[in-house]
Amino acid sequence: MVTRVVAGRTYDFSHAMGRGGVGAGFNSGNALAFSSDNLVYVLSRGGEAVTAVPWDRTARGARVTKFDVGLQSGDEEFIKEFGENGSGRGQLIWPAGLALDSRDNIYVSDEWMNRINVFDTEGNLLRDWGAIGTGDGEFDGPSGLAMDSEDNLYVVDSRNHRIQKFTAEGQFLGKFGSPGDGEGQFNLPWGITLDEEGYLYVVDTNNHRVQKLTADGEFVAQFGSHGEGRGELDHPSDVTVDPDGDVYVCDWGNDRVQAYDASGKFFTSFTGDAQQLTKWSEMIVQTNPEAMKRRREVKDFRAEWRLRMPRAVAYDIQNSRLLILDTQRSRIQIYKKLNNYVTPAKNL
């Protein structure tokens with residue numbers, strides 16, 4: 001296990017879970033969300049869909065997968081998956097964002113179809129809305145989704161450089177944002193989340209920052225700036241906030257997650273510590289003698305431990321842990337945030 005103590009906080013690497021493929025895995029994972037019973041949904045754009053033309057309905061990949069992550073390695077359990085490629089109702093082409101309401105209905109944005117799909121817990125389509133355009137309720141590349149405590153849905157309308165707000169049924173409530181790099185302006189925003197006080201955090205991807213806003217879109221603060229250094233970002237993709245107010249940003253272009261305190265001060269980076277294969281990956285290797293031989297020939301596995309283009313983050317409040325969707329590795333890396341951690345005295 002890898003434990004870090006930094007800025008009065010302690011993070012302990014727990015384990016990684018998942019693998020690529022259909023069934024118990026996910027490919028090109030794009031988003032994470034928790035259900036009310038603390039199960040995890042993963043939205044996959046799909047490895048198959050990446051290599052196929054978007055309108056090819058025979059491509060298999062875009063889907064939502066439901067897991068019980070468990071508390072330690074070996075506990076994880078695949079529960080179910082749903083979704084298929086296509087442009088018909090309930091089908092997905094380029095799914096981007098994921099959110100759940102208070103009834104655990106599942107909201108999925110599709111940036112190719114410019115619509116929001118709503119499914120029940122069994123994967124049945126309940127409703128959908130949206131069309132391409134710049135008007136109220138229209139989209140151009142909807143991506144990140146966030147649900148507030150009253151089941152109102154915030155949609156990142158990426159190529160329109162704005163945020164739109166809807167009821168759970170799809171009724172338009174309001175909008176804010178415009179193109180630019182000023183306060184409250186956006187350049188291809190992507191991820192979004194809310195903290196426990198109702199503030200919005202929007203990943204302003206091409207401005208290489210995260211903006212903190214009121215629920216009505218008034219600017220409060222920003223996190224990060226462009227670069228590769230401490231606290232800097234390169235095309236960030238997602239954000240989450242823990243109950244202490246610490247902010248975690250997927251620094252997609254720099255292969256890491258950056259952490260800031262509530263005031264915006266950077267305090268650490270997560271670059272990946274998956275020194276052991278996931279349970280399901282280990283099962284595959286153990287049944288493939290040639291794969292076992294190839295792995296024994298590798299002198300240094302450190303590159304495999306690291307994050308590669310992480311796309312999404314989520315904070316598990318119930319178990320005080322950070323989940324990072326390690327997209328190009330088809331897995332989730334999990335860090336526990338420990339309270340009351342005691343370091344040994346150095347004079348012993």
# chains A, B, ... in the order shown; residues from 1 in each chain; ligands from 1
call {"tool": "residues_around", "arguments": {"residues": "Thr240 in chain A", "least_positions_apart": "6", "cutoff": "7 Å", "atoms": "only C-alpha atoms", "output": "list in words"}}
result
Thr193, Val247, Tyr248, Val249, Val313, Ala314 and Tyr315 of chain A
call {"tool": "residues_around", "arguments": {"residues": "range 135-145 of chain A", "least_positions_apart": "3", "cutoff": "8 Å", "atoms": "only C-alpha atoms", "output": "PDB file with all heavy atoms, in the first residue's frame"}}
result
ATOM      1  N   PRO A  95     -21.714   8.834 -25.836  1.00  0.00           N
ATOM      2  CA  PRO A  95     -22.142   9.222 -24.490  1.00  0.00           C
ATOM      3  C   PRO A  95     -21.029   9.960 -23.770  1.00  0.00           C
ATOM      4  O   PRO A  95     -19.849   9.635 -23.920  1.00  0.00           O
ATOM      5  CB  PRO A  95     -22.458   7.880 -23.825  1.00  0.00           C
ATOM      6  CG  PRO A  95     -21.606   6.888 -24.545  1.00  0.00           C
ATOM      7  CD  PRO A  95     -21.545   7.375 -25.971  1.00  0.00           C
ATOM      8  N   ALA A  96     -21.403  10.961 -22.986  1.00  0.00           N
ATOM      9  CA  ALA A  96     -20.387  11.822 -22.383  1.00  0.00           C
ATOM     10  C   ALA A  96     -20.550  11.996 -20.883  1.00  0.00           C
ATOM     11  O   ALA A  96     -19.577  11.917 -20.137  1.00  0.00           O
ATOM     12  CB  ALA A  96     -20.401  13.194 -23.062  1.00  0.00           C
ATOM     13  N   GLY A  97     -21.761  12.277 -20.405  1.00  0.00           N
ATOM     14  CA  GLY A  97     -21.973  12.580 -18.996  1.00  0.00           C
ATOM     15  C   GLY A  97     -22.956  11.625 -18.349  1.00  0.00           C
ATOM     16  O   GLY A  97     -23.772  10.988 -19.024  1.00  0.00           O
ATOM     17  N   LEU A  98     -22.893  11.543 -17.020  1.00  0.00           N
ATOM     18  CA  LEU A  98     -23.694  10.590 -16.258  1.00  0.00           C
ATOM     19  C   LEU A  98     -24.090  11.211 -14.932  1.00  0.00           C
ATOM     20  O   LEU A  98     -23.267  11.832 -14.251  1.00  0.00           O
ATOM     21  CB  LEU A  98     -22.858   9.324 -16.016  1.00  0.00           C
ATOM     22  CG  LEU A  98     -23.473   8.150 -15.267  1.00  0.00           C
ATOM     23  CD1 LEU A  98     -24.558   7.496 -16.111  1.00  0.00           C
ATOM     24  CD2 LEU A  98     -22.385   7.118 -14.943  1.00  0.00           C
ATOM     25  N   ALA A  99     -25.366  11.064 -14.555  1.00  0.00           N
ATOM     26  CA  ALA A  99     -25.840  11.531 -13.247  1.00  0.00           C
ATOM     27  C   ALA A  99     -27.039  10.704 -12.840  1.00  0.00           C
ATOM     28  O   ALA A  99     -27.744  10.140 -13.696  1.00  0.00           O
ATOM     29  CB  ALA A  99     -26.207  13.010 -13.291  1.00  0.00           C
ATOM     30  N   TYR A 107     -29.245   9.405 -15.903  1.00  0.00           N
ATOM     31  CA  TYR A 107     -29.254  10.412 -16.956  1.00  0.00           C
ATOM     32  C   TYR A 107     -27.927  10.325 -17.710  1.00  0.00           C
ATOM     33  O   TYR A 107     -26.863  10.367 -17.098  1.00  0.00           O
ATOM     34  CB  TYR A 107     -29.432  11.811 -16.368  1.00  0.00           C
ATOM     35  CG  TYR A 107     -30.769  12.001 -15.679  1.00  0.00           C
ATOM     36  CD1 TYR A 107     -31.057  11.347 -14.482  1.00  0.00           C
ATOM     37  CD2 TYR A 107     -31.743  12.830 -16.237  1.00  0.00           C
ATOM     38  CE1 TYR A 107     -32.284  11.500 -13.857  1.00  0.00           C
ATOM     39  CE2 TYR A 107     -32.971  12.997 -15.614  1.00  0.00           C
ATOM     40  CZ  TYR A 107     -33.244  12.324 -14.430  1.00  0.00           C
ATOM     41  OH  TYR A 107     -34.464  12.480 -13.816  1.00  0.00           O
ATOM     42  N   VAL A 108     -28.018  10.210 -19.036  1.00  0.00           N
ATOM     43  CA  VAL A 108     -26.828  10.072 -19.876  1.00  0.00           C
ATOM     44  C   VAL A 108     -26.906  11.096 -21.001  1.00  0.00           C
ATOM     45  O   VAL A 108     -27.902  11.151 -21.734  1.00  0.00           O
ATOM     46  CB  VAL A 108     -26.725   8.656 -20.479  1.00  0.00           C
ATOM     47  CG1 VAL A 108     -25.492   8.552 -21.378  1.00  0.00           C
ATOM     48  CG2 VAL A 108     -26.674   7.598 -19.380  1.00  0.00           C
ATOM     49  N   SER A 109     -25.869  11.911 -21.125  1.00  0.00           N
ATOM     50  CA  SER A 109     -25.807  12.856 -22.249  1.00  0.00           C
ATOM     51  C   SER A 109     -25.129  12.184 -23.436  1.00  0.00           C
ATOM     52  O   SER A 109     -24.240  11.348 -23.272  1.00  0.00           O
ATOM     53  CB  SER A 109     -25.043  14.120 -21.841  1.00  0.00           C
ATOM     54  OG  SER A 109     -23.712  13.816 -21.489  1.00  0.00           O
ATOM     55  N   ASP A 110     -25.573  12.548 -24.636  1.00  0.00           N
ATOM     56  CA  ASP A 110     -24.989  12.018 -25.873  1.00  0.00           C
ATOM     57  C   ASP A 110     -24.586  13.201 -26.735  1.00  0.00           C
ATOM     58  O   ASP A 110     -25.437  13.898 -27.298  1.00  0.00           O
ATOM     59  CB  ASP A 110     -26.000  11.135 -26.601  1.00  0.00           C
ATOM     60  CG  ASP A 110     -25.383  10.355 -27.750  1.00  0.00           C
ATOM     61  OD1 ASP A 110     -24.546  10.933 -28.478  1.00  0.00           O
ATOM     62  OD2 ASP A 110     -25.737   9.177 -27.947  1.00  0.00           O
ATOM     63  N   GLU A 111     -23.270  13.442 -26.835  1.00  0.00           N
ATOM     64  CA  GLU A 111     -22.823  14.650 -27.526  1.00  0.00           C
ATOM     65  C   GLU A 111     -22.942  14.545 -29.035  1.00  0.00           C
ATOM     66  O   GLU A 111     -22.905  15.575 -29.732  1.00  0.00           O
ATOM     67  CB  GLU A 111     -21.400  15.018 -27.118  1.00  0.00           C
ATOM     68  CG  GLU A 111     -20.343  14.018 -27.457  1.00  0.00           C
ATOM     69  CD  GLU A 111     -18.950  14.566 -27.196  1.00  0.00           C
ATOM     70  OE1 GLU A 111     -18.743  15.781 -27.365  1.00  0.00           O
ATOM     71  OE2 GLU A 111     -18.081  13.773 -26.818  1.00  0.00           O
ATOM     72  N   TRP A 112     -23.092  13.348 -29.582  1.00  0.00           N
ATOM     73  CA  TRP A 112     -23.316  13.224 -31.030  1.00  0.00           C
ATOM     74  C   TRP A 112     -24.783  13.462 -31.360  1.00  0.00           C
ATOM     75  O   TRP A 112     -25.117  14.168 -32.308  1.00  0.00           O
ATOM     76  CB  TRP A 112     -22.886  11.844 -31.520  1.00  0.00           C
ATOM     77  CG  TRP A 112     -23.047  11.661 -32.999  1.00  0.00           C
ATOM     78  CD1 TRP A 112     -24.155  11.218 -33.666  1.00  0.00           C
ATOM     79  CD2 TRP A 112     -22.083  11.960 -34.013  1.00  0.00           C
ATOM     80  NE1 TRP A 112     -23.937  11.193 -35.016  1.00  0.00           N
ATOM     81  CE2 TRP A 112     -22.664  11.657 -35.262  1.00  0.00           C
ATOM     82  CE3 TRP A 112     -20.783  12.459 -33.988  1.00  0.00           C
ATOM     83  CZ2 TRP A 112     -21.996  11.826 -36.471  1.00  0.00           C
ATOM     84  CZ3 TRP A 112     -20.105  12.623 -35.195  1.00  0.00           C
ATOM     85  CH2 TRP A 112     -20.715  12.313 -36.404  1.00  0.00           C
ATOM     86  N   ASN A 114     -26.926  14.990 -29.388  1.00  0.00           N
ATOM     87  CA  ASN A 114     -27.386  16.232 -28.750  1.00  0.00           C
ATOM     88  C   ASN A 114     -28.688  16.024 -27.978  1.00  0.00           C
ATOM     89  O   ASN A 114     -29.663  16.755 -28.143  1.00  0.00           O
ATOM     90  CB  ASN A 114     -27.540  17.343 -29.791  1.00  0.00           C
ATOM     91  CG  ASN A 114     -26.206  17.767 -30.357  1.00  0.00           C
ATOM     92  OD1 ASN A 114     -25.373  18.333 -29.656  1.00  0.00           O
ATOM     93  ND2 ASN A 114     -25.989  17.460 -31.636  1.00  0.00           N
ATOM     94  N   ARG A 115     -28.635  15.025 -27.118  1.00  0.00           N
ATOM     95  CA  ARG A 115     -29.827  14.742 -26.319  1.00  0.00           C
ATOM     96  C   ARG A 115     -29.440  14.171 -24.962  1.00  0.00           C
ATOM     97  O   ARG A 115     -28.316  13.713 -24.755  1.00  0.00           O
ATOM     98  CB  ARG A 115     -30.749  13.769 -27.048  1.00  0.00           C
ATOM     99  CG  ARG A 115     -30.226  12.356 -27.176  1.00  0.00           C
ATOM    100  CD  ARG A 115     -31.183  11.485 -27.996  1.00  0.00           C
ATOM    101  NE  ARG A 115     -30.641  10.149 -28.209  1.00  0.00           N
ATOM    102  CZ  ARG A 115     -31.110   9.299 -29.118  1.00  0.00           C
ATOM    103  NH1 ARG A 115     -32.119   9.647 -29.915  1.00  0.00           N
ATOM    104  NH2 ARG A 115     -30.574   8.092 -29.243  1.00  0.00           N
ATOM    105  N   GLY A 130     -33.937  16.993 -26.252  1.00  0.00           N
ATOM    106  CA  GLY A 130     -32.798  17.713 -26.806  1.00  0.00           C
ATOM    107  C   GLY A 130     -32.711  17.606 -28.316  1.00  0.00           C
ATOM    108  O   GLY A 130     -33.167  16.641 -28.931  1.00  0.00           O
ATOM    109  N   ALA A 131     -32.114  18.629 -28.922  1.00  0.00           N
ATOM    110  CA  ALA A 131     -31.841  18.681 -30.358  1.00  0.00           C
ATOM    111  C   ALA A 131     -30.704  19.663 -30.553  1.00  0.00           C
ATOM    112  O   ALA A 131     -30.418  20.495 -29.677  1.00  0.00           O
ATOM    113  CB  ALA A 131     -33.077  19.126 -31.136  1.00  0.00           C
ATOM    114  N   ILE A 132     -30.042  19.595 -31.693  1.00  0.00           N
ATOM    115  CA  ILE A 132     -28.921  20.494 -31.927  1.00  0.00           C
ATOM    116  C   ILE A 132     -29.422  21.916 -32.153  1.00  0.00           C
ATOM    117  O   ILE A 132     -30.472  22.145 -32.763  1.00  0.00           O
ATOM    118  CB  ILE A 132     -28.057  20.030 -33.119  1.00  0.00           C
ATOM    119  CG1 ILE A 132     -26.764  20.849 -33.176  1.00  0.00           C
ATOM    120  CG2 ILE A 132     -28.845  20.097 -34.427  1.00  0.00           C
ATOM    121  CD1 ILE A 132     -25.726  20.272 -34.093  1.00  0.00           C
ATOM    122  N   LEU A 153     -31.422  19.164 -13.053  1.00  0.00           N
ATOM    123  CA  LEU A 153     -30.257  18.674 -13.777  1.00  0.00           C
ATOM    124  C   LEU A 153     -29.508  19.828 -14.434  1.00  0.00           C
ATOM    125  O   LEU A 153     -30.090  20.603 -15.201  1.00  0.00           O
ATOM    126  CB  LEU A 153     -30.691  17.675 -14.856  1.00  0.00           C
ATOM    127  CG  LEU A 153     -29.571  17.024 -15.673  1.00  0.00           C
ATOM    128  CD1 LEU A 153     -28.768  16.056 -14.809  1.00  0.00           C
ATOM    129  CD2 LEU A 153     -30.152  16.316 -16.897  1.00  0.00           C
ATOM    130  N   TYR A 154     -28.209  19.938 -14.134  1.00  0.00           N
ATOM    131  CA  TYR A 154     -27.329  20.877 -14.822  1.00  0.00           C
ATOM    132  C   TYR A 154     -26.617  20.136 -15.952  1.00  0.00           C
ATOM    133  O   TYR A 154     -26.044  19.062 -15.733  1.00  0.00           O
ATOM    134  CB  TYR A 154     -26.297  21.463 -13.869  1.00  0.00           C
ATOM    135  CG  TYR A 154     -26.873  22.412 -12.845  1.00  0.00           C
ATOM    136  CD1 TYR A 154     -27.356  21.942 -11.631  1.00  0.00           C
ATOM    137  CD2 TYR A 154     -26.923  23.784 -13.094  1.00  0.00           C
ATOM    138  CE1 TYR A 154     -27.883  22.815 -10.691  1.00  0.00           C
ATOM    139  CE2 TYR A 154     -27.446  24.662 -12.155  1.00  0.00           C
ATOM    140  CZ  TYR A 154     -27.924  24.170 -10.957  1.00  0.00           C
ATOM    141  OH  TYR A 154     -28.445  25.041 -10.024  1.00  0.00           O
ATOM    142  N   VAL A 155     -26.658  20.709 -17.156  1.00  0.00           N
ATOM    143  CA  VAL A 155     -26.048  20.105 -18.334  1.00  0.00           C
ATOM    144  C   VAL A 155     -24.978  21.040 -18.869  1.00  0.00           C
ATOM    145  O   VAL A 155     -25.241  22.219 -19.145  1.00  0.00           O
ATOM    146  CB  VAL A 155     -27.090  19.836 -19.433  1.00  0.00           C
ATOM    147  CG1 VAL A 155     -26.428  19.199 -20.660  1.00  0.00           C
ATOM    148  CG2 VAL A 155     -28.217  18.943 -18.917  1.00  0.00           C
ATOM    149  N   VAL A 156     -23.758  20.514 -19.027  1.00  0.00           N
ATOM    150  CA  VAL A 156     -22.695  21.283 -19.669  1.00  0.00           C
ATOM    151  C   VAL A 156     -22.927  21.221 -21.179  1.00  0.00           C
ATOM    152  O   VAL A 156     -22.802  20.168 -21.792  1.00  0.00           O
ATOM    153  CB  VAL A 156     -21.305  20.728 -19.324  1.00  0.00           C
ATOM    154  CG1 VAL A 156     -20.230  21.513 -20.052  1.00  0.00           C
ATOM    155  CG2 VAL A 156     -21.076  20.767 -17.821  1.00  0.00           C
ATOM    156  N   ASP A 157     -23.294  22.348 -21.760  1.00  0.00           N
ATOM    157  CA  ASP A 157     -23.565  22.457 -23.194  1.00  0.00           C
ATOM    158  C   ASP A 157     -22.260  22.919 -23.853  1.00  0.00           C
ATOM    159  O   ASP A 157     -22.059  24.100 -24.121  1.00  0.00           O
ATOM    160  CB  ASP A 157     -24.708  23.463 -23.401  1.00  0.00           C
ATOM    161  CG  ASP A 157     -25.231  23.495 -24.823  1.00  0.00           C
ATOM    162  OD1 ASP A 157     -24.787  22.674 -25.648  1.00  0.00           O
ATOM    163  OD2 ASP A 157     -26.086  24.360 -25.097  1.00  0.00           O
ATOM    164  N   SER A 158     -21.387  21.949 -24.104  1.00  0.00           N
ATOM    165  CA  SER A 158     -19.972  22.232 -24.312  1.00  0.00           C
ATOM    166  C   SER A 158     -19.684  23.192 -25.457  1.00  0.00           C
ATOM    167  O   SER A 158     -19.031  24.222 -25.276  1.00  0.00           O
ATOM    168  CB  SER A 158     -19.212  20.920 -24.527  1.00  0.00           C
ATOM    169  OG  SER A 158     -17.838  21.133 -24.601  1.00  0.00           O
ATOM    170  N   ARG A 159     -20.145  22.873 -26.655  1.00  0.00           N
ATOM    171  CA  ARG A 159     -19.778  23.709 -27.803  1.00  0.00           C
ATOM    172  C   ARG A 159     -20.616  24.986 -27.895  1.00  0.00           C
ATOM    173  O   ARG A 159     -20.320  25.856 -28.722  1.00  0.00           O
ATOM    174  CB  ARG A 159     -19.858  22.888 -29.095  1.00  0.00           C
ATOM    175  CG  ARG A 159     -18.728  21.860 -29.195  1.00  0.00           C
ATOM    176  CD  ARG A 159     -18.658  21.222 -30.572  1.00  0.00           C
ATOM    177  NE  ARG A 159     -19.785  20.360 -30.849  1.00  0.00           N
ATOM    178  CZ  ARG A 159     -19.842  19.063 -30.524  1.00  0.00           C
ATOM    179  NH1 ARG A 159     -18.815  18.497 -29.889  1.00  0.00           N
ATOM    180  NH2 ARG A 159     -20.898  18.329 -30.822  1.00  0.00           N
ATOM    181  N   ASN A 160     -21.625  25.100 -27.038  1.00  0.00           N
ATOM    182  CA  ASN A 160     -22.313  26.379 -26.875  1.00  0.00           C
ATOM    183  C   ASN A 160     -21.715  27.184 -25.718  1.00  0.00           C
ATOM    184  O   ASN A 160     -22.200  28.274 -25.410  1.00  0.00           O
ATOM    185  CB  ASN A 160     -23.814  26.171 -26.638  1.00  0.00           C
ATOM    186  CG  ASN A 160     -24.575  25.886 -27.928  1.00  0.00           C
ATOM    187  OD1 ASN A 160     -24.225  26.405 -28.989  1.00  0.00           O
ATOM    188  ND2 ASN A 160     -25.617  25.058 -27.846  1.00  0.00           N
ATOM    189  N   GLN A 164     -26.811  24.675 -18.946  1.00  0.00           N
ATOM    190  CA  GLN A 164     -28.272  24.767 -18.938  1.00  0.00           C
ATOM    191  C   GLN A 164     -28.830  23.964 -17.763  1.00  0.00           C
ATOM    192  O   GLN A 164     -28.258  22.951 -17.362  1.00  0.00           O
ATOM    193  CB  GLN A 164     -28.859  24.240 -20.251  1.00  0.00           C
ATOM    194  CG  GLN A 164     -28.465  25.052 -21.467  1.00  0.00           C
ATOM    195  CD  GLN A 164     -29.388  24.775 -22.641  1.00  0.00           C
ATOM    196  OE1 GLN A 164     -30.579  25.112 -22.599  1.00  0.00           O
ATOM    197  NE2 GLN A 164     -28.842  24.186 -23.701  1.00  0.00           N
ATOM    198  N   GLN A 171     -37.829  19.932 -18.461  1.00  0.00           N
ATOM    199  CA  GLN A 171     -38.315  21.295 -18.648  1.00  0.00           C
ATOM    200  C   GLN A 171     -37.166  22.280 -18.434  1.00  0.00           C
ATOM    201  O   GLN A 171     -36.473  22.243 -17.417  1.00  0.00           O
ATOM    202  CB  GLN A 171     -39.438  21.600 -17.666  1.00  0.00           C
ATOM    203  CG  GLN A 171     -39.985  23.025 -17.766  1.00  0.00           C
ATOM    204  CD  GLN A 171     -41.043  23.315 -16.717  1.00  0.00           C
ATOM    205  OE1 GLN A 171     -41.481  22.434 -15.995  1.00  0.00           O
ATOM    206  NE2 GLN A 171     -41.443  24.578 -16.617  1.00  0.00           N
ATOM    207  N   PHE A 172     -36.969  23.176 -19.385  1.00  0.00           N
ATOM    208  CA  PHE A 172     -35.894  24.161 -19.309  1.00  0.00           C
ATOM    209  C   PHE A 172     -36.154  25.148 -18.182  1.00  0.00           C
ATOM    210  O   PHE A 172     -37.253  25.689 -18.054  1.00  0.00           O
ATOM    211  CB  PHE A 172     -35.776  24.903 -20.639  1.00  0.00           C
ATOM    212  CG  PHE A 172     -34.794  26.043 -20.631  1.00  0.00           C
ATOM    213  CD1 PHE A 172     -33.439  25.805 -20.750  1.00  0.00           C
ATOM    214  CD2 PHE A 172     -35.239  27.357 -20.488  1.00  0.00           C
ATOM    215  CE1 PHE A 172     -32.525  26.861 -20.733  1.00  0.00           C
ATOM    216  CE2 PHE A 172     -34.334  28.409 -20.488  1.00  0.00           C
ATOM    217  CZ  PHE A 172     -32.980  28.162 -20.609  1.00  0.00           C
ATOM    218  N   GLY A 174     -33.238  27.427 -17.013  1.00  0.00           N
ATOM    219  CA  GLY A 174     -32.356  28.580 -17.108  1.00  0.00           C
ATOM    220  C   GLY A 174     -31.024  28.204 -17.727  1.00  0.00           C
ATOM    221  O   GLY A 174     -30.758  27.042 -18.037  1.00  0.00           O
ATOM    222  N   LYS A 175     -30.171  29.220 -17.896  1.00  0.00           N
ATOM    223  CA  LYS A 175     -28.861  29.003 -18.508  1.00  0.00           C
ATOM    224  C   LYS A 175     -27.921  30.114 -18.050  1.00  0.00           C
ATOM    225  O   LYS A 175     -28.361  31.188 -17.613  1.00  0.00           O
ATOM    226  CB  LYS A 175     -28.964  29.011 -20.034  1.00  0.00           C
ATOM    227  CG  LYS A 175     -29.453  30.335 -20.600  1.00  0.00           C
ATOM    228  CD  LYS A 175     -29.677  30.260 -22.100  1.00  0.00           C
ATOM    229  CE  LYS A 175     -30.228  31.602 -22.609  1.00  0.00           C
ATOM    230  NZ  LYS A 175     -30.533  31.571 -24.050  1.00  0.00           N
ATOM    231  N   TRP A 190     -16.482  20.933 -19.795  1.00  0.00           N
ATOM    232  CA  TRP A 190     -16.762  19.490 -19.891  1.00  0.00           C
ATOM    233  C   TRP A 190     -17.398  18.947 -18.619  1.00  0.00           C
ATOM    234  O   TRP A 190     -18.584  18.696 -18.578  1.00  0.00           O
ATOM    235  CB  TRP A 190     -15.457  18.742 -20.225  1.00  0.00           C
ATOM    236  CG  TRP A 190     -15.695  17.293 -20.524  1.00  0.00           C
ATOM    237  CD1 TRP A 190     -15.548  16.244 -19.646  1.00  0.00           C
ATOM    238  CD2 TRP A 190     -16.147  16.719 -21.745  1.00  0.00           C
ATOM    239  NE1 TRP A 190     -15.868  15.058 -20.256  1.00  0.00           N
ATOM    240  CE2 TRP A 190     -16.239  15.315 -21.549  1.00  0.00           C
ATOM    241  CE3 TRP A 190     -16.468  17.245 -22.996  1.00  0.00           C
ATOM    242  CZ2 TRP A 190     -16.645  14.437 -22.547  1.00  0.00           C
ATOM    243  CZ3 TRP A 190     -16.870  16.354 -23.999  1.00  0.00           C
ATOM    244  CH2 TRP A 190     -16.952  14.982 -23.763  1.00  0.00           C
ATOM    245  N   GLY A 191     -16.623  18.731 -17.560  1.00  0.00           N
ATOM    246  CA  GLY A 191     -17.179  18.132 -16.352  1.00  0.00           C
ATOM    247  C   GLY A 191     -17.842  19.146 -15.444  1.00  0.00           C
ATOM    248  O   GLY A 191     -17.625  20.356 -15.555  1.00  0.00           O
ATOM    249  N   ILE A 192     -18.649  18.624 -14.491  1.00  0.00           N
ATOM    250  CA  ILE A 192     -19.368  19.493 -13.566  1.00  0.00           C
ATOM    251  C   ILE A 192     -19.716  18.701 -12.311  1.00  0.00           C
ATOM    252  O   ILE A 192     -19.939  17.489 -12.364  1.00  0.00           O
ATOM    253  CB  ILE A 192     -20.645  20.071 -14.223  1.00  0.00           C
ATOM    254  CG1 ILE A 192     -21.303  21.129 -13.349  1.00  0.00           C
ATOM    255  CG2 ILE A 192     -21.624  18.964 -14.580  1.00  0.00           C
ATOM    256  CD1 ILE A 192     -22.439  21.879 -14.044  1.00  0.00           C
ATOM    257  N   THR A 193     -19.752  19.391 -11.162  1.00  0.00           N
ATOM    258  CA  THR A 193     -20.214  18.770  -9.928  1.00  0.00           C
ATOM    259  C   THR A 193     -20.772  19.850  -9.012  1.00  0.00           C
ATOM    260  O   THR A 193     -20.606  21.052  -9.265  1.00  0.00           O
ATOM    261  CB  THR A 193     -19.086  17.996  -9.226  1.00  0.00           C
ATOM    262  OG1 THR A 193     -19.634  17.117  -8.249  1.00  0.00           O
ATOM    263  CG2 THR A 193     -18.103  18.938  -8.551  1.00  0.00           C
TER     264      THR A 193
END
call {"tool": "select_by_dssp", "arguments": {"residues": "range 33-133 of chain A", "states": "strand (DSSP E)", "output": "PyMOL selection string"}}
result
chain A and resi 33-34+40-44+63-68+77-82+95-100+106-110+115-119+125-129
call {"tool": "write_last_selection", "arguments": {"atoms": "C-alpha atoms", "output": "PDB file, in the first residue's frame"}}
result
ATOM      1  CA  ALA A  33     -21.684   8.188 -10.533  1.00  0.00           C
ATOM      2  CA  PHE A  34     -22.888   6.695  -7.246  1.00  0.00           C
ATOM      3  CA  VAL A  40     -21.106   2.667  -8.891  1.00  0.00           C
ATOM      4  CA  TYR A  41     -22.191   3.317 -12.463  1.00  0.00           C
ATOM      5  CA  VAL A  42     -19.513   3.677 -15.156  1.00  0.00           C
ATOM      6  CA  LEU A  43     -20.303   5.207 -18.539  1.00  0.00           C
ATOM      7  CA  SER A  44     -18.214   3.746 -21.381  1.00  0.00           C
ATOM      8  CA  ARG A  63     -22.939   1.431 -22.447  1.00  0.00           C
ATOM      9  CA  VAL A  64     -23.569   1.939 -18.745  1.00  0.00           C
ATOM     10  CA  THR A  65     -22.149  -0.659 -16.355  1.00  0.00           C
ATOM     11  CA  LYS A  66     -23.182  -1.092 -12.728  1.00  0.00           C
ATOM     12  CA  PHE A  67     -20.702  -2.381 -10.112  1.00  0.00           C
ATOM     13  CA  ASP A  68     -20.362  -3.043  -6.440  1.00  0.00           C
ATOM     14  CA  GLU A  77     -18.770  -7.440  -8.270  1.00  0.00           C
ATOM     15  CA  PHE A  78     -20.219  -6.861 -11.714  1.00  0.00           C
ATOM     16  CA  ILE A  79     -23.985  -6.377 -11.487  1.00  0.00           C
ATOM     17  CA  LYS A  80     -25.311  -5.461 -14.928  1.00  0.00           C
ATOM     18  CA  GLU A  81     -24.890  -3.319 -18.014  1.00  0.00           C
ATOM     19  CA  PHE A  82     -27.177  -1.745 -20.570  1.00  0.00           C
ATOM     20  CA  PRO A  95     -22.142   9.222 -24.490  1.00  0.00           C
ATOM     21  CA  ALA A  96     -20.387  11.822 -22.383  1.00  0.00           C
ATOM     22  CA  GLY A  97     -21.973  12.580 -18.996  1.00  0.00           C
ATOM     23  CA  LEU A  98     -23.694  10.590 -16.258  1.00  0.00           C
ATOM     24  CA  ALA A  99     -25.840  11.531 -13.247  1.00  0.00           C
ATOM     25  CA  LEU A 100     -28.441   9.889 -11.004  1.00  0.00           C
ATOM     26  CA  ILE A 106     -29.851   7.353 -14.754  1.00  0.00           C
ATOM     27  CA  TYR A 107     -29.254  10.412 -16.956  1.00  0.00           C
ATOM     28  CA  VAL A 108     -26.828  10.072 -19.876  1.00  0.00           C
ATOM     29  CA  SER A 109     -25.807  12.856 -22.249  1.00  0.00           C
ATOM     30  CA  ASP A 110     -24.989  12.018 -25.873  1.00  0.00           C
ATOM     31  CA  ARG A 115     -29.827  14.742 -26.319  1.00  0.00           C
ATOM     32  CA  ILE A 116     -30.297  13.609 -22.737  1.00  0.00           C
ATOM     33  CA  ASN A 117     -31.443  10.003 -22.191  1.00  0.00           C
ATOM     34  CA  VAL A 118     -33.090   8.934 -18.923  1.00  0.00           C
ATOM     35  CA  PHE A 119     -33.134   5.244 -17.926  1.00  0.00           C
ATOM     36  CA  LEU A 125     -35.643   4.252 -21.419  1.00  0.00           C
ATOM     37  CA  LEU A 126     -37.999   6.552 -19.506  1.00  0.00           C
ATOM     38  CA  ARG A 127     -37.671   9.712 -21.599  1.00  0.00           C
ATOM     39  CA  ASP A 128     -35.277  11.807 -23.645  1.00  0.00           C
ATOM     40  CA  TRP A 129     -35.014  15.375 -24.839  1.00  0.00           C
TER      41      TRP A 129
END
call {"tool": "residues_around", "arguments": {"residues": "Lys265 in chain A", "least_positions_apart": "2", "cutoff": "10 Å", "atoms": "only C-alpha atoms", "output": "NGL selection string"}}
result
:A and (223-224 or 231 or 246-247 or 259-263 or 267-268)
